[in-house]
Each structure stands twice: as C-alpha cells, then as structure tokens.
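Okay, so here's the structure we're looking at.
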Amino acid sequence: MKEKRKQSNDASGMAPVEEESFTDLTKNDLLSLKANRTKIRYANTYRLEPYNKFQDYVVRKKAQEILTNKLQETKYDGVSSPSLCASISEEILTAMKELGYDRYKYVVSVLIVEKAGQAINVASRWVWDVQRDTWVSAKCETETFIALALIMACYYE
C-alpha cells in the first residue's frame with residue numbers, strides 16, 4: 001500500500017533517508033494523517049507590563065531635537081503651518097516607533113501658534129490608565145511662533 005524508497009545523500013555525507021510516497025494513499029489514509037497532525041496552541045502570558053518600558057526623558061529629548069531641527073530657521077506662515085504640523089508629527093511618530101517600546105500606541109499632536117502677545121491654554125481629555133499610560137511634551141520657541149508637541153503613549157495588551 002505505502003511505497004517506501006530510499007534516498008541517499010552521498011554528497012552531504014548523510015545516511016540514506018526513508019521517504020513515504022503519498023501518491024498511493026487513499027482518501028481515508030490522507031484524512032487520518034491530517035487528523036493526526038496536532039495544532040500548536042500557545043498559552044496566554046498574562047503579562048501586564050511591557051518588555052521595554054516607556055522612558056519619557058528619552059522621548060522628550062528626541063521630540064525636542066526634531067522640533068528644533070525642523071523649525072530653527074522657519075518663519076510663521078498661517079498657510080503652510082498645517083502641513084508643517086503634519087510632517088513634524090509624522091516624523092516624531094516614526095521616531096517613537098523606532099525607539100522600540102512594545103505594547104504602546106502613540107498619539108502625536110503638534111501645534112504651531114503665532115506670537116502676538118496672547119496667552120494659550122491647551123487641554124485634552126482621555127480615558128487613562130494612570131499606572132501604564134503616559135504623555136510627554138516638547139516646546140520650540142522662535143521669534144515669530146511657538147511650537148508645542150504632545151506625545152501620548154497609551155499602553156495596550
């Protein structure tokens with residue numbers, strides 16, 4: 001019923017290996033072989049902490065560097081500011097992902113405001129896990145505007 005043939009691997013120096021031919025198997029034999037294969041099942045880890053914990057001082061330094069490098073010689077322009085905010089936030093988000101903090105999702109918000117002698121208050125509300133979630137802010141001030149970057153790191157399991 002099952003044909004076995006010997007295959008020699010003389011070039012590699014290995015002993016002959018027996019190999020089954022599946023061409024002669026019936027449908028029932030194939031079904032029984034398939035049923036005998038076991039699926040790999042992984043157990044839950046029940047791990048509640050990340051392997052690489054979020055370090056706010058590293059993220060603050062990296063975001064501050066990005067803001068300073070991008071905005072050092074820039075003048076305020078109300079038309080180009082939204083696209084500049086979007087490009088800076090994408091760059092910060094990419095840098096956060098490269099830092100390799102596992103089990104975190106990021107929200108990056110960049111705000112550019114013209115200096116005109118006014119005050120500004122920025123507020124946000126989140127459903128927050130105080131033990132695991134965190135946020136970082138970075139600020140860059142030039143002669144014509146102030147840029148503020150907020151990075152929220154939300155833990156997920």
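Residue numbering restarts at 1 in every chain; chains get A, B, ... in the order shown in the structure tokens, and ligands count up from 1 in that same order.
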Next on the checklist: So that I can check the secondary structure, give me every residue of range 53-103 of chain A assigned alpha helix (DSSP H) by backbone DSSP, as a PyMOL selection string.
Outcome noted: chain A and resi 56-71+81-98
Which residues, written as a short mmCIF file (atom, residue, chain, number, x, y, z; two decimals) with N, CA and C atoms, in the first residue's frame, have at least one atom at most 8 Å from Val110 in chain A, with only C-alpha atoms counted and residues fewer than 2 positions away on the same chain left out?
```cif
data_model
loop_
_atom_site.label_atom_id
_atom_site.label_comp_id
_atom_site.auth_asym_id
_atom_site.auth_seq_id
_atom_site.Cartn_x
_atom_site.Cartn_y
_atom_site.Cartn_z
N CYS A 85 2.89 71.08 10.56
CA CYS A 85 2.50 70.32 11.77
C CYS A 85 2.35 68.84 11.44
N ALA A 86 1.71 68.53 10.32
CA ALA A 86 1.51 67.14 9.92
C ALA A 86 2.83 66.43 9.65
N ILE A 88 5.82 67.23 10.86
CA ILE A 88 6.57 67.08 12.11
C ILE A 88 5.98 65.96 12.96
N SER A 89 4.65 65.89 13.03
CA SER A 89 4.04 64.83 13.83
C SER A 89 4.33 63.45 13.25
N VAL A 108 0.34 61.61 18.45
CA VAL A 108 1.23 62.77 18.40
C VAL A 108 0.44 63.96 17.87
N ILE A 112 1.25 74.79 16.22
CA ILE A 112 2.08 75.97 15.96
C ILE A 112 1.21 77.20 16.10
N ALA A 147 5.98 76.42 18.95
CA ALA A 147 5.52 75.09 18.53
C ALA A 147 5.50 74.18 19.75
N LEU A 148 4.40 73.46 19.90
CA LEU A 148 4.23 72.55 21.02
C LEU A 148 3.89 71.17 20.48
N ALA A 149 4.63 70.17 20.92
CA ALA A 149 4.37 68.78 20.51
C ALA A 149 3.94 68.00 21.74
N LEU A 150 2.82 67.30 21.64
CA LEU A 150 2.31 66.43 22.70
C LEU A 150 2.35 65.00 22.20
#
```
Next on the checklist: Here is a test: counting only C-alpha atoms, which residue of A:Met96, A:Thr74, A:Arg132, A:Ile151 is nearest to Ser109 in chain A?
Outcome noted: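 Among the listed residues, the smallest separation from Ser109 in chain A belongs to A:Ile151.
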Checklist entry - So which one's closest to Arg103 in chain A, A:Asn44, A:Gln64, A:Thr26, A:Asn52? Using only C-alpha atoms, please. => result A:Asn52
Checklist entry - Could you pull out all residues of chain A with a DSSP call of strand (DSSP E) and give them as number ranges by chain? => result A: 4-9, 14-20, 104-114, 134-141, 145-155
How would the residues just picked look written out with C-alpha atoms as a PDB file, in the first residue's frame?
```
ATOM      1  CA  LYS A   4       8.919   3.410   0.631  1.00  0.00           C
ATOM      2  CA  ARG A   5      12.022   4.303  -1.205  1.00  0.00           C
ATOM      3  CA  LYS A   6      15.483   5.020  -0.055  1.00  0.00           C
ATOM      4  CA  GLN A   7      17.161   8.224  -0.980  1.00  0.00           C
ATOM      5  CA  SER A   8      20.877   8.609  -0.455  1.00  0.00           C
ATOM      6  CA  ASN A   9      22.550  11.895   0.222  1.00  0.00           C
ATOM      7  CA  MET A  14      24.374  11.792   5.425  1.00  0.00           C
ATOM      8  CA  ALA A  15      22.867   8.345   5.805  1.00  0.00           C
ATOM      9  CA  PRO A  16      20.021   7.267   3.491  1.00  0.00           C
ATOM     10  CA  VAL A  17      16.594   8.581   4.464  1.00  0.00           C
ATOM     11  CA  GLU A  18      13.303   6.750   4.058  1.00  0.00           C
ATOM     12  CA  GLU A  19      10.632   8.799   2.359  1.00  0.00           C
ATOM     13  CA  GLU A  20       6.947   7.899   2.028  1.00  0.00           C
ATOM     14  CA  TYR A 104       2.301  51.119  23.330  1.00  0.00           C
ATOM     15  CA  LYS A 105       0.247  53.039  20.811  1.00  0.00           C
ATOM     16  CA  TYR A 106       1.101  56.660  20.176  1.00  0.00           C
ATOM     17  CA  VAL A 107      -0.874  59.807  19.526  1.00  0.00           C
ATOM     18  CA  VAL A 108       1.225  62.773  18.397  1.00  0.00           C
ATOM     19  CA  SER A 109      -0.198  66.271  18.215  1.00  0.00           C
ATOM     20  CA  VAL A 110       1.801  69.289  17.049  1.00  0.00           C
ATOM     21  CA  LEU A 111       0.509  72.828  17.459  1.00  0.00           C
ATOM     22  CA  ILE A 112       2.084  75.968  15.963  1.00  0.00           C
ATOM     23  CA  VAL A 113       0.857  79.336  17.264  1.00  0.00           C
ATOM     24  CA  GLU A 114       1.940  82.771  16.092  1.00  0.00           C
ATOM     25  CA  THR A 134       1.911  58.487  29.936  1.00  0.00           C
ATOM     26  CA  TRP A 135       2.497  61.654  27.953  1.00  0.00           C
ATOM     27  CA  VAL A 136       5.402  63.916  27.037  1.00  0.00           C
ATOM     28  CA  SER A 137       5.522  67.475  25.768  1.00  0.00           C
ATOM     29  CA  ALA A 138       8.241  69.330  23.890  1.00  0.00           C
ATOM     30  CA  LYS A 139       8.337  73.032  23.041  1.00  0.00           C
ATOM     31  CA  CYS A 140      10.251  75.069  20.492  1.00  0.00           C
ATOM     32  CA  GLU A 141      10.102  78.859  20.553  1.00  0.00           C
ATOM     33  CA  PHE A 145       5.904  81.426  16.722  1.00  0.00           C
ATOM     34  CA  ILE A 146       5.756  78.782  19.415  1.00  0.00           C
ATOM     35  CA  ALA A 147       5.523  75.095  18.534  1.00  0.00           C
ATOM     36  CA  LEU A 148       4.232  72.549  21.019  1.00  0.00           C
ATOM     37  CA  ALA A 149       4.369  68.780  20.511  1.00  0.00           C
ATOM     38  CA  LEU A 150       2.313  66.434  22.705  1.00  0.00           C
ATOM     39  CA  ILE A 151       3.100  62.727  22.583  1.00  0.00           C
ATOM     40  CA  MET A 152       0.662  60.376  24.326  1.00  0.00           C
ATOM     41  CA  ALA A 153       1.759  56.779  24.852  1.00  0.00           C
ATOM     42  CA  CYS A 154      -1.211  54.525  25.554  1.00  0.00           C
ATOM     43  CA  TYR A 155      -0.499  51.011  26.795  1.00  0.00           C
TER      44      TYR A 155
END
```
Checklist entry - What's the 12 Å shell around Leu99 in chain A, counting only C-alpha atoms, without same-chain residues fewer than 2 positions away, as a PyMOL selection string? => result chain A and resi 52-56+58-59+62-63+92-97+101-102+104
Item to check | For CA of Gln72 in chain A and CA of Glu98 in chain A, the interatomic separation in Å (one decimal) | outcome: 23.6 Å
Next on the checklist: One number please: CA of Ala43 in chain A to CA of Val130 in chain A, in Å, one decimal.
Outcome noted: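 Those two atoms sit 28.0 Å apart.
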Checklist outcome for this item: In Å and to one decimal, CA of Leu48 in chain A is distant from CA of Val127 in chain A by 18.0 Å
